[in-house]
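Structure file query_5.cif; described as mmCIF, C-alpha atoms.
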data_model
loop_
_atom_site.label_atom_id
_atom_site.label_comp_id
_atom_site.auth_asym_id
_atom_site.auth_seq_id
_atom_site.Cartn_x
_atom_site.Cartn_y
_atom_site.Cartn_z
CA MET A 645 39.77 -42.12 54.68
CA PRO A 646 37.01 -44.80 54.54
CA PRO A 647 37.27 -47.36 51.70
CA GLU A 648 34.33 -45.79 49.85
CA ASP A 649 36.03 -42.35 49.79
CA THR A 650 39.31 -43.89 48.66
CA THR A 651 37.62 -45.56 45.69
CA ALA A 652 35.88 -42.32 44.69
CA ALA A 653 39.16 -40.43 44.89
CA MET A 654 40.80 -43.05 42.67
CA LEU A 655 38.06 -42.67 40.08
CA ILE A 656 38.51 -38.89 39.95
CA ALA A 657 42.29 -39.21 39.94
CA GLY A 658 41.97 -41.55 36.96
CA PHE A 659 39.96 -38.85 35.15
CA MET A 660 42.77 -36.37 35.86
CA ARG A 661 45.19 -38.72 34.09
CA GLY A 662 43.03 -38.55 30.98
CA THR A 663 40.85 -41.61 31.42
CA THR A 664 37.07 -41.57 31.08
CA ALA A 665 35.22 -39.37 33.57
CA PRO A 666 33.47 -41.37 36.33
CA SER A 667 29.73 -41.51 35.83
CA ARG A 668 27.24 -40.73 38.56
CA LEU A 669 26.41 -44.43 38.74
CA GLU A 670 30.09 -45.29 39.34
CA ILE A 671 30.40 -42.71 42.10
CA ALA A 672 27.10 -43.80 43.63
CA ALA A 673 28.25 -47.44 43.62
CA VAL A 674 31.26 -46.80 45.89
CA GLY A 675 29.38 -45.41 48.84
CA PRO A 676 26.61 -43.18 50.16
CA GLN A 677 25.81 -39.91 48.39
CA ILE A 678 27.42 -36.75 49.73
CA ALA A 679 25.06 -33.87 50.55
CA ALA A 680 24.52 -31.27 47.82
CA MET A 681 26.96 -28.36 47.85
CA ASN A 682 26.03 -24.85 46.71
CA LEU A 683 28.71 -23.17 44.62
CA ILE A 684 28.82 -19.96 42.60
CA VAL A 685 30.31 -20.93 39.25
CA ASN A 686 30.98 -18.17 36.72
CA GLY A 687 28.57 -15.91 38.58
CA GLU A 688 25.74 -18.47 38.68
CA LYS A 689 24.64 -20.18 41.88
CA ARG A 690 24.38 -23.95 41.35
CA ALA A 691 23.96 -27.04 43.52
CA PHE A 692 26.21 -30.10 43.05
CA GLU A 693 25.79 -33.54 44.56
CA GLY A 694 28.76 -35.75 45.32
CA VAL A 695 31.31 -33.03 44.54
CA GLU A 696 34.10 -32.47 47.06
CA THR A 697 37.08 -31.23 45.03
CA VAL A 698 37.85 -29.11 42.01
CA ALA A 699 38.46 -32.33 40.06
CA GLY A 700 35.01 -33.52 41.02
CA LEU A 701 33.50 -30.24 39.85
CA ILE A 702 35.29 -30.52 36.50
CA ALA A 703 33.94 -34.03 36.09
CA ALA A 704 30.41 -32.93 37.01
CA LEU A 705 30.57 -30.19 34.38
CA ALA A 706 32.02 -32.58 31.77
CA LEU A 707 34.96 -30.26 31.11
CA GLU A 708 38.42 -31.15 29.84
CA PRO A 709 40.78 -30.21 32.73
CA THR A 710 43.74 -29.49 30.48
CA ARG A 711 41.82 -26.82 28.57
CA VAL A 712 40.56 -24.65 31.43
CA ALA A 713 41.96 -22.47 34.21
CA ILE A 714 40.19 -22.22 37.55
CA GLU A 715 40.07 -19.56 40.22
CA ARG A 716 38.61 -20.39 43.64
CA ASN A 717 37.66 -17.48 45.87
CA PHE A 718 39.91 -15.20 43.78
CA GLU A 719 42.91 -17.55 44.10
CA ILE A 720 44.16 -19.54 41.09
CA VAL A 721 44.06 -23.29 41.61
CA PRO A 722 47.11 -25.04 40.07
CA ARG A 723 46.17 -27.90 37.77
CA SER A 724 48.26 -30.25 39.93
CA ALA A 725 45.99 -29.46 42.89
CA TYR A 726 42.64 -30.13 41.24
CA GLY A 727 42.33 -33.53 42.90
CA SER A 728 43.25 -32.28 46.38
CA GLU A 729 41.66 -28.80 46.39
CA ALA A 730 38.64 -29.29 48.64
CA LEU A 731 35.51 -27.25 47.98
CA ARG A 732 33.27 -25.72 50.61
CA ASP A 733 29.67 -24.64 50.48
CA GLY A 734 29.42 -21.09 49.10
CA ASP A 735 32.77 -21.13 47.27
CA ARG A 736 33.02 -18.81 44.29
CA LEU A 737 34.74 -20.28 41.23
CA GLU A 738 35.65 -18.81 37.86
CA ILE A 739 36.34 -21.27 35.05
CA VAL A 740 37.81 -19.79 31.87
CA GLN A 741 38.96 -21.06 28.49
CA ILE A 742 40.69 -19.74 25.40
CA ILE A 743 38.48 -18.26 22.66
CA GLY A 744 39.22 -16.56 19.37
CA GLY A 745 40.97 -13.20 19.63
CA GLY A 746 39.46 -9.80 18.94
CA ASP A 747 36.50 -7.93 20.38
CA ALA A 748 34.31 -10.74 21.66
CA VAL A 749 31.56 -8.34 22.78
CA GLU A 750 29.53 -6.86 19.96
CA ASP A 751 28.49 -3.24 20.28
CA THR A 752 24.79 -4.02 20.30
CA TRP A 753 21.82 -2.28 21.88
CA SER A 754 18.66 -3.71 23.39
CA VAL A 755 15.07 -2.64 23.85
CA ALA A 756 12.29 -4.61 25.54
CA GLY A 757 14.44 -7.73 25.67
CA ARG A 758 15.35 -7.63 21.96
CA THR A 759 18.94 -7.07 20.87
CA PHE A 760 20.02 -5.40 17.64
CA ARG A 761 23.34 -4.81 15.88
CA SER A 762 22.24 -1.89 13.71
CA ARG A 763 21.52 1.38 15.49
CA LEU A 764 19.70 2.81 12.50
CA ILE A 765 15.92 2.52 12.12
CA ILE A 766 14.30 3.64 8.88
CA GLY A 767 10.76 4.40 7.81
CA THR A 768 8.64 3.10 4.95
CA GLY A 769 6.94 6.25 3.70
CA LYS A 770 7.58 8.67 0.81
CA TYR A 771 9.55 6.21 -1.35
CA LYS A 772 8.77 6.05 -5.05
CA SER A 773 8.07 2.35 -4.77
CA TYR A 774 8.25 -0.51 -2.31
CA GLU A 775 11.16 -1.88 -4.32
CA GLU A 776 13.13 1.34 -3.75
CA ASN A 777 12.25 1.13 -0.06
CA ALA A 778 13.56 -2.44 0.08
CA ALA A 779 16.78 -1.44 -1.69
CA ALA A 780 17.31 1.43 0.75
CA LEU A 781 16.69 -0.94 3.66
CA ALA A 782 19.35 -3.32 2.38
CA ALA A 783 21.84 -0.46 1.93
CA SER A 784 21.11 0.92 5.41
CA GLY A 785 21.70 -2.34 7.24
CA ALA A 786 18.72 -1.50 9.46
CA GLU A 787 16.99 -4.34 11.28
CA ILE A 788 13.84 -2.37 12.14
CA VAL A 789 11.42 -0.43 9.94
CA THR A 790 8.50 1.68 11.09
CA VAL A 791 5.17 0.93 9.48
CA ALA A 792 1.87 2.79 9.50
CA ILE A 793 -1.55 1.21 9.97
CA ARG A 794 -4.01 2.22 7.26
CA ARG A 795 -7.30 0.97 5.85
CA VAL A 796 -7.25 -1.82 3.29
CA ASN A 797 -7.64 -0.66 -0.32
CA LEU A 798 -11.02 -2.26 -1.02
CA SER A 799 -11.15 -0.90 -4.55
CA ASP A 800 -7.97 -2.75 -5.53
CA PRO A 801 -7.13 -5.61 -3.11
CA THR A 802 -4.36 -6.79 -5.47
CA ALA A 803 -2.39 -3.51 -5.31
CA PRO A 804 1.28 -3.89 -4.28
CA LYS A 805 1.90 -4.21 -0.55
CA LEU A 806 4.89 -3.43 1.63
CA THR A 807 5.20 -7.09 2.60
CA ASP A 808 5.72 -7.96 -1.06
CA ALA A 809 9.08 -6.17 -0.91
CA ILE A 810 10.09 -6.37 2.77
CA ASP A 811 9.72 -9.67 4.61
CA PRO A 812 8.44 -9.16 8.20
CA LYS A 813 10.12 -12.45 9.12
CA LYS A 814 13.53 -10.97 8.32
CA THR A 815 13.01 -7.34 9.37
CA LEU A 816 11.23 -6.25 12.53
CA PHE A 817 8.16 -4.18 11.78
CA LEU A 818 7.60 -1.38 14.31
CA PRO A 819 3.98 -0.21 14.03
CA ASN A 820 3.58 3.50 14.71
CA THR A 821 0.69 5.83 15.28
CA ALA A 822 1.57 8.45 12.68
CA GLY A 823 -1.37 10.75 12.09
CA CYS A 824 -2.96 10.25 15.49
CA PHE A 825 -3.92 13.36 17.47
CA THR A 826 -5.48 11.84 20.60
CA GLY A 827 -4.50 9.09 22.99
CA GLU A 828 -7.63 7.12 22.09
CA GLU A 829 -6.77 7.19 18.38
CA ALA A 830 -3.28 5.93 19.11
CA VAL A 831 -4.43 3.14 21.41
CA ARG A 832 -7.09 2.03 18.92
CA THR A 833 -4.52 1.94 16.09
CA LEU A 834 -2.05 -0.17 18.05
CA ARG A 835 -4.71 -2.60 19.23
CA LEU A 836 -5.47 -3.25 15.55
CA ALA A 837 -1.75 -3.66 14.86
CA ARG A 838 -1.43 -6.24 17.61
CA GLU A 839 -4.47 -8.09 16.32
CA MET A 840 -3.09 -8.09 12.77
CA GLY A 841 0.54 -9.06 13.36
CA GLY A 842 0.91 -9.85 17.04
CA TRP A 843 3.12 -6.79 17.48
CA THR A 844 3.62 -5.54 21.03
CA LEU A 845 6.78 -3.47 20.51
CA VAL A 846 5.37 -0.26 19.05
CA LYS A 847 6.20 3.37 18.40
CA LEU A 848 3.82 5.91 19.89
CA GLU A 849 3.42 9.39 18.51
CA VAL A 850 0.49 11.62 19.38
CA LEU A 851 0.67 14.87 17.44
CA GLY A 852 -0.39 18.30 18.66
CA ASP A 853 -1.12 20.09 15.38
CA LYS A 854 -0.77 19.54 11.64
CA LYS A 855 1.61 22.45 11.00
CA THR A 856 4.48 21.57 13.34
CA LEU A 857 3.70 17.87 13.95
CA TYR A 858 5.10 18.41 17.43
CA PRO A 859 4.04 15.77 19.94
CA ASP A 860 1.21 16.60 22.33
CA MET A 861 2.97 15.46 25.49
CA ILE A 862 -0.14 15.43 27.69
CA GLU A 863 -1.87 13.01 25.33
CA THR A 864 1.39 11.12 24.75
CA LEU A 865 1.85 10.45 28.47
CA ARG A 866 -1.76 9.36 28.84
CA ALA A 867 -1.51 7.00 25.88
CA THR A 868 1.80 5.57 27.17
CA GLU A 869 0.16 4.65 30.47
CA MET A 870 -2.85 3.08 28.73
CA LEU A 871 -0.75 1.04 26.34
CA THR A 872 1.66 -0.12 29.05
CA LYS A 873 -1.25 -1.40 31.13
CA GLU A 874 -2.39 -3.43 28.11
CA GLY A 875 1.00 -5.12 27.74
CA PHE A 876 2.47 -3.03 24.93
CA GLU A 877 6.19 -2.18 24.92
CA VAL A 878 6.12 1.47 23.95
CA MET A 879 8.86 3.47 22.27
CA VAL A 880 7.74 7.06 22.66
CA TYR A 881 8.24 9.98 20.26
CA CYS A 882 8.60 13.05 22.47
CA THR A 883 9.84 16.62 22.64
CA ASP A 884 13.48 17.31 23.47
CA ASP A 885 12.46 18.36 26.98
CA PRO A 886 14.50 16.33 29.53
CA LEU A 887 11.69 16.47 32.10
CA MET A 888 9.07 15.22 29.66
CA ALA A 889 11.38 12.46 28.44
CA LYS A 890 11.83 11.28 32.02
CA ARG A 891 8.06 11.35 32.57
CA CYS A 892 7.62 9.13 29.52
CA GLU A 893 10.02 6.65 31.05
CA SER A 894 8.15 6.81 34.37
CA ALA A 895 4.90 6.17 32.51
CA GLY A 896 6.33 2.88 31.23
CA ALA A 897 8.15 3.73 27.99
CA VAL A 898 10.80 1.15 27.00
CA ALA A 899 12.60 3.82 24.94
CA VAL A 900 12.35 7.59 24.55
CA MET A 901 12.70 9.19 21.13
CA PRO A 902 13.20 12.95 21.32
CA LEU A 903 12.92 14.89 18.09
CA ALA A 904 15.97 16.55 16.59
CA ALA A 905 13.74 19.02 14.73
CA PRO A 906 10.19 18.98 13.29
CA ILE A 907 9.27 15.84 11.36
CA GLY A 908 10.47 15.97 7.75
CA SER A 909 12.25 19.31 8.19
CA GLY A 910 15.82 18.02 7.72
CA LEU A 911 17.11 20.74 10.07
CA GLY A 912 19.23 18.39 12.16
CA ILE A 913 19.66 18.48 15.94
CA GLN A 914 18.58 21.89 17.20
CA ASN A 915 19.17 21.35 20.91
CA PRO A 916 22.19 19.09 21.46
CA VAL A 917 22.42 20.13 25.12
CA ASN A 918 18.87 18.90 25.76
CA ILE A 919 19.55 15.63 23.98
CA ARG A 920 22.64 15.07 26.13
CA LEU A 921 20.65 15.82 29.31
CA ILE A 922 17.99 13.31 28.25
CA ILE A 923 20.67 10.65 27.68
CA GLU A 924 22.32 11.30 31.05
CA ALA A 925 19.03 10.93 32.94
CA ALA A 926 17.54 8.03 30.98
CA GLY A 927 17.34 4.48 32.23
CA VAL A 928 16.04 3.27 28.86
CA PRO A 929 17.44 3.61 25.30
CA VAL A 930 17.39 7.08 23.75
CA LEU A 931 16.97 7.39 19.98
CA VAL A 932 16.81 10.65 18.05
CA ASP A 933 13.63 10.65 15.98
CA ALA A 934 12.62 13.21 13.35
CA GLY A 935 14.43 16.13 11.77
CA VAL A 936 17.61 14.40 10.60
CA GLY A 937 18.59 15.70 7.15
CA THR A 938 21.95 14.25 6.22
CA ALA A 939 24.71 11.94 7.38
CA SER A 940 26.44 14.49 9.60
CA ASP A 941 23.21 14.92 11.59
CA ALA A 942 23.12 11.19 12.28
CA ALA A 943 26.79 11.20 13.29
CA ILE A 944 26.20 14.07 15.73
CA ALA A 945 23.31 12.21 17.33
CA MET A 946 25.50 9.18 17.88
CA GLU A 947 28.44 11.27 19.12
CA LEU A 948 26.14 12.70 21.80
CA GLY A 949 25.64 9.15 23.07
CA CYS A 950 22.27 8.21 21.59
CA ASP A 951 21.52 4.50 21.32
CA GLY A 952 20.22 4.95 17.81
CA VAL A 953 18.62 7.18 15.17
CA LEU A 954 15.29 6.86 13.38
CA MET A 955 14.74 8.57 10.05
CA ASN A 956 12.51 8.44 7.01
CA THR A 957 12.41 11.61 4.90
CA ALA A 958 16.19 12.12 4.95
CA ILE A 959 16.58 8.89 2.99
CA ALA A 960 13.31 8.69 1.06
CA GLU A 961 13.50 12.23 -0.35
CA ALA A 962 17.23 12.22 -1.14
CA LYS A 963 18.09 12.41 -4.84
CA ASP A 964 19.51 8.91 -4.51
CA PRO A 965 17.73 7.22 -1.59
CA VAL A 966 19.76 4.01 -1.76
CA LEU A 967 23.08 5.87 -1.72
CA MET A 968 21.87 8.08 1.14
CA ALA A 969 20.79 4.99 3.08
CA SER A 970 24.33 3.68 2.77
CA ALA A 971 25.73 7.06 3.89
CA MET A 972 23.45 7.01 6.93
CA ARG A 973 24.60 3.53 7.80
CA HIS A 974 28.25 4.60 7.84
CA ALA A 975 27.46 7.84 9.66
CA VAL A 976 25.75 6.02 12.50
CA ILE A 977 28.67 3.60 12.79
CA ALA A 978 31.24 6.41 12.69
CA GLY A 979 29.36 8.52 15.24
CA ARG A 980 29.04 5.58 17.59
CA GLN A 981 32.74 4.75 17.30
CA ALA A 982 33.66 8.38 17.95
CA TYR A 983 31.47 8.37 21.07
CA ARG A 984 33.09 5.19 22.35
CA ALA A 985 36.57 6.50 21.57
CA GLY A 986 36.02 9.75 23.47
CA ARG A 987 36.75 13.00 21.70
CA MET A 988 39.67 15.27 22.58
CA ALA A 989 39.06 18.19 24.93
CA LYS A 990 38.09 21.49 23.34
CA LYS A 991 40.67 24.24 23.89
CA THR A 992 40.59 28.01 23.65
CA TYR A 993 44.04 28.36 22.07
CA ALA A 994 46.18 26.41 19.64
CA ASP A 995 48.18 23.41 20.78
CA PRO A 996 50.87 22.49 18.18
CA SER A 997 51.01 18.88 17.05
CA SER A 998 54.78 19.08 16.54
CA PRO A 999 57.11 20.33 19.31
CA LEU A 1000 58.40 23.87 18.81
CA ALA A 1001 61.75 23.14 20.51
CA GLY A 1002 64.67 22.36 18.21
CA LEU A 1003 63.40 24.35 15.25
CA ILE A 1004 65.99 25.18 12.60
#
What's the structure tokens form of this structure?
Amino acid sequence: MPPEDTTAAMLIAGFMRGTTAPSRLEIAAVGPQIAAMNLIVNGEKRAFEGVETVAGLIAALALEPTRVAIERNFEIVPRSAYGSEALRDGDRLEIVQIIGGGDAVEDTWSVAGRTFRSRLIIGTGKYKSYEENAAALAASGAEIVTVAIRRVNLSDPTAPKLTDAIDPKKTLFLPNTAGCFTGEEAVRTLRLAREMGGWTLVKLEVLGDKKTLYPDMIETLRATEMLTKEGFEVMVYCTDDPLMAKRCESAGAVAVMPLAAPIGSGLGIQNPVNIRLIIEAAGVPVLVDAGVGTASDAAIAMELGCDGVLMNTAIAEAKDPVLMASAMRHAVIAGRQAYRAGRMAKKTYADPSSPLAGLI
């Protein structure tokens, strides 16, 4: 080994004994720079200059060698070999450490690059007051609320406002197009929302008639395409038709939101098979929207595998909205846990829990 390489090796060996890691200036001072080496470290491709061994890599990453374990090309590298284990261009290394025990991965969900812990979204209509709405929000644990866009009350500009009770800096406002019956009305509404609050993540609903409040899917698809072209991230209220839900996704929807039953009906999920088919085919989050009446409805939605549930009337028109909001929170959590746990198989006949052999 040339004198320069010997000195560099001594510096790294000294680091392995617990002395200060050699700086780049120290390594550079002992000889010419070694060509950059491309390594895949913890799944990320990175280039390193002047690194020849595992010890050199540890030094370059400013890690404490006694607190990590290293795998090179799926083979564990003993700590005693760090200084002699030569690296080659393209090597794949995994470097791990001890962390606190328990489930390190939160059961979160994401939409349009935003991640949320709560899988419950609530509305802001039909409450007796904004204060009651805020109390229900706190009890629900929701991180998103839907909001409608309406004209300013010019006759009383000082009238109470939603933002007096719910802080948009702490809770994500999801502007929706409730009350719109054409694609143009919906697009116009959301353009105003973006201008007012900078919101691009929005909920689109284009209704077909005032009696059923079912979505007009032709207009919904057209509006989804228009809004997507303008840079909106569109969560789409749709029928529980698996084909239409998939078309919404193809049109650019970042989430599909099939109804459980007509808006405000409280009938619960009427077509669980369709909801399951939508979930199986979807490449974006699926959230049940509309028709939920009580906590068991929310739990069923989550047990089917939905990413979340959106509701308004079920909470706002309960006899005790705040208590119902809390019930919905627990129902969503319980339904999600049941889905993750995997339910037992359904059977035609009884299967005794206790063995029948050895009876007295």
Self-check item: Residues matched by the PyMOL selection byres ((chain A and resi 769) around 12), written as a list in words
Solution: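 When the PyMOL selection byres ((chain A and resi 769) around 12) is applied to the shown file, the picked residues are Ile766, Gly767, Thr768, Lys770, Tyr771, Lys772, Ser773, Tyr774, Glu776, Asn777, Ala778, Ala780, Val789, Thr790, Val791, Ala792, Ile793, Leu806, Asn820, Ala822, Gly908, Met955, Asn956, Thr957, Ala958, Ile959, Ala960 and Glu961 of chain A.
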Practice problem: Evaluate the PyMOL selection byres ((chain A and resi 725) around 12) on the structure here and hand back the selected residues as a ChimeraX atom specification. | Solution: /A:657,660,697-700,709,713-716,720-724,726-731
With C-alpha atoms kept, could you save the residues just selected as a PDB file, in the coordinates of the input?
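Output contents, as saved in part_35.pdb:
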ATOM      1  CA  ALA A 657      42.290 -39.210  39.940  1.00  0.00           C
ATOM      2  CA  MET A 660      42.770 -36.370  35.860  1.00  0.00           C
ATOM      3  CA  THR A 697      37.080 -31.230  45.030  1.00  0.00           C
ATOM      4  CA  VAL A 698      37.850 -29.110  42.010  1.00  0.00           C
ATOM      5  CA  ALA A 699      38.460 -32.330  40.060  1.00  0.00           C
ATOM      6  CA  GLY A 700      35.010 -33.520  41.020  1.00  0.00           C
ATOM      7  CA  PRO A 709      40.780 -30.210  32.730  1.00  0.00           C
ATOM      8  CA  ALA A 713      41.960 -22.470  34.210  1.00  0.00           C
ATOM      9  CA  ILE A 714      40.190 -22.220  37.550  1.00  0.00           C
ATOM     10  CA  GLU A 715      40.070 -19.560  40.220  1.00  0.00           C
ATOM     11  CA  ARG A 716      38.610 -20.390  43.640  1.00  0.00           C
ATOM     12  CA  ILE A 720      44.160 -19.540  41.090  1.00  0.00           C
ATOM     13  CA  VAL A 721      44.060 -23.290  41.610  1.00  0.00           C
ATOM     14  CA  PRO A 722      47.110 -25.040  40.070  1.00  0.00           C
ATOM     15  CA  ARG A 723      46.170 -27.900  37.770  1.00  0.00           C
ATOM     16  CA  SER A 724      48.260 -30.250  39.930  1.00  0.00           C
ATOM     17  CA  TYR A 726      42.640 -30.130  41.240  1.00  0.00           C
ATOM     18  CA  GLY A 727      42.330 -33.530  42.900  1.00  0.00           C
ATOM     19  CA  SER A 728      43.250 -32.280  46.380  1.00  0.00           C
ATOM     20  CA  GLU A 729      41.660 -28.800  46.390  1.00  0.00           C
ATOM     21  CA  ALA A 730      38.640 -29.290  48.640  1.00  0.00           C
ATOM     22  CA  LEU A 731      35.510 -27.250  47.980  1.00  0.00           C
TER      23      LEU A 731
END
Quiz prompt | Residues selected by the PyMOL selection byres ((chain A and resi 945) around 12), written as an NGL selection string | solution = :A and (763-764 or 901-904 or 912-920 or 923 or 930-944 or 946-955 or 972 or 975-980 or 982-983)
Quiz item: Given the choices A:Asp885, A:Asp860, A:Glu839, A:Asp811, which gets closest to A:Phe825 if the distance is worked out from all atoms listed in the file?
Solution: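 Closest to A:Phe825 of all the choices is A:Asp860.
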Quiz item: Looking at only C-alpha atoms, which of A:Gly785, A:Gly927, A:Gly910, A:Pro819 is the one that sits closest to A:Ala962?
Solution: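 Closest residue, counting only C-alpha atoms: A:Gly910.
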Exercise. Measuring atom to atom with only C-alpha atoms, identify which of A:Ile862, A:Val900, A:Val831, A:Leu848 is nearest to A:Glu874.
Key: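 Under the stated criterion, the closest residue is A:Val831.
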Exercise. Could you jot down the atom CA of A:Leu967 to atom CA of A:Ala786 separation for me, Å, one decimal place?
Key: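 Rounded to one decimal, the two atoms are 14.1 Å apart.
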Quiz item: Which residue out of A:Lys689, A:Lys814, A:Lys963, A:Lys890 has the minimum interatomic distance to A:Glu738 when all atoms listed in the file are used?
Solution: A:Lys689
Can you put all heavy atoms back into stretch 879-887 of chain A and show it as a PDB file, keeping the file's coordinate frame?
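The resulting file, rebuild.pdb, is shown below:
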ATOM      1  N   MET A 879       7.790   2.539  22.581  1.00  0.00           N
ATOM      2  CA  MET A 879       8.860   3.470  22.270  1.00  0.00           C
ATOM      3  C   MET A 879       8.195   4.803  21.943  1.00  0.00           C
ATOM      4  O   MET A 879       7.359   4.860  21.034  1.00  0.00           O
ATOM      5  CB  MET A 879       9.694   2.949  21.095  1.00  0.00           C
ATOM      6  CG  MET A 879      10.319   1.587  21.367  1.00  0.00           C
ATOM      7  SD  MET A 879      11.157   0.850  19.927  1.00  0.00           S
ATOM      8  CE  MET A 879      12.554   1.968  19.722  1.00  0.00           C
ATOM      9  N   VAL A 880       8.540   5.841  22.674  1.00  0.00           N
ATOM     10  CA  VAL A 880       7.740   7.060  22.660  1.00  0.00           C
ATOM     11  C   VAL A 880       8.446   8.230  21.967  1.00  0.00           C
ATOM     12  O   VAL A 880       9.538   8.643  22.380  1.00  0.00           O
ATOM     13  CB  VAL A 880       7.363   7.470  24.102  1.00  0.00           C
ATOM     14  CG1 VAL A 880       6.507   8.741  24.087  1.00  0.00           C
ATOM     15  CG2 VAL A 880       6.599   6.344  24.791  1.00  0.00           C
ATOM     16  N   TYR A 881       7.804   8.746  20.924  1.00  0.00           N
ATOM     17  CA  TYR A 881       8.240   9.980  20.260  1.00  0.00           C
ATOM     18  C   TYR A 881       7.867  11.144  21.168  1.00  0.00           C
ATOM     19  O   TYR A 881       6.707  11.282  21.582  1.00  0.00           O
ATOM     20  CB  TYR A 881       7.540  10.096  18.907  1.00  0.00           C
ATOM     21  CG  TYR A 881       7.649  11.438  18.226  1.00  0.00           C
ATOM     22  CD1 TYR A 881       8.882  11.943  17.836  1.00  0.00           C
ATOM     23  CD2 TYR A 881       6.506  12.181  17.941  1.00  0.00           C
ATOM     24  CE1 TYR A 881       8.971  13.172  17.183  1.00  0.00           C
ATOM     25  CE2 TYR A 881       6.580  13.398  17.285  1.00  0.00           C
ATOM     26  CZ  TYR A 881       7.819  13.896  16.915  1.00  0.00           C
ATOM     27  OH  TYR A 881       7.908  15.100  16.282  1.00  0.00           O
ATOM     28  N   CYS A 882       8.857  11.991  21.506  1.00  0.00           N
ATOM     29  CA  CYS A 882       8.600  13.050  22.470  1.00  0.00           C
ATOM     30  C   CYS A 882       9.364  14.313  22.109  1.00  0.00           C
ATOM     31  O   CYS A 882      10.202  14.319  21.201  1.00  0.00           O
ATOM     32  CB  CYS A 882       8.969  12.601  23.895  1.00  0.00           C
ATOM     33  SG  CYS A 882      10.715  12.158  24.105  1.00  0.00           S
ATOM     34  N   THR A 883       9.082  15.389  22.811  1.00  0.00           N
ATOM     35  CA  THR A 883       9.840  16.620  22.640  1.00  0.00           C
ATOM     36  C   THR A 883      11.240  16.427  23.217  1.00  0.00           C
ATOM     37  O   THR A 883      11.515  15.443  23.907  1.00  0.00           O
ATOM     38  CB  THR A 883       9.152  17.785  23.370  1.00  0.00           C
ATOM     39  OG1 THR A 883       9.045  17.464  24.762  1.00  0.00           O
ATOM     40  CG2 THR A 883       7.769  18.053  22.809  1.00  0.00           C
ATOM     41  N   ASP A 884      12.120  17.396  22.931  1.00  0.00           N
ATOM     42  CA  ASP A 884      13.480  17.310  23.470  1.00  0.00           C
ATOM     43  C   ASP A 884      13.578  17.951  24.847  1.00  0.00           C
ATOM     44  O   ASP A 884      14.616  18.518  25.209  1.00  0.00           O
ATOM     45  CB  ASP A 884      14.491  17.926  22.493  1.00  0.00           C
ATOM     46  CG  ASP A 884      14.166  19.374  22.170  1.00  0.00           C
ATOM     47  OD1 ASP A 884      13.177  19.909  22.709  1.00  0.00           O
ATOM     48  OD2 ASP A 884      14.898  19.985  21.369  1.00  0.00           O
ATOM     49  N   ASP A 885      12.516  17.853  25.600  1.00  0.00           N
ATOM     50  CA  ASP A 885      12.460  18.360  26.980  1.00  0.00           C
ATOM     51  C   ASP A 885      12.906  17.242  27.920  1.00  0.00           C
ATOM     52  O   ASP A 885      12.242  16.203  27.998  1.00  0.00           O
ATOM     53  CB  ASP A 885      11.022  18.788  27.290  1.00  0.00           C
ATOM     54  CG  ASP A 885      10.862  19.330  28.701  1.00  0.00           C
ATOM     55  OD1 ASP A 885      11.726  19.059  29.564  1.00  0.00           O
ATOM     56  OD2 ASP A 885       9.851  20.011  28.948  1.00  0.00           O
ATOM     57  N   PRO A 886      14.012  17.399  28.640  1.00  0.00           N
ATOM     58  CA  PRO A 886      14.500  16.330  29.530  1.00  0.00           C
ATOM     59  C   PRO A 886      13.481  15.895  30.569  1.00  0.00           C
ATOM     60  O   PRO A 886      13.403  14.711  30.900  1.00  0.00           O
ATOM     61  CB  PRO A 886      15.740  16.959  30.193  1.00  0.00           C
ATOM     62  CG  PRO A 886      16.205  17.993  29.221  1.00  0.00           C
ATOM     63  CD  PRO A 886      14.953  18.546  28.616  1.00  0.00           C
ATOM     64  N   LEU A 887      12.681  16.830  31.078  1.00  0.00           N
ATOM     65  CA  LEU A 887      11.690  16.470  32.100  1.00  0.00           C
ATOM     66  C   LEU A 887      10.572  15.622  31.495  1.00  0.00           C
ATOM     67  O   LEU A 887      10.131  14.635  32.097  1.00  0.00           O
ATOM     68  CB  LEU A 887      11.124  17.730  32.744  1.00  0.00           C
ATOM     69  CG  LEU A 887      12.140  18.616  33.484  1.00  0.00           C
ATOM     70  CD1 LEU A 887      11.438  19.829  34.095  1.00  0.00           C
ATOM     71  CD2 LEU A 887      12.859  17.822  34.561  1.00  0.00           C
TER      72      LEU A 887
END
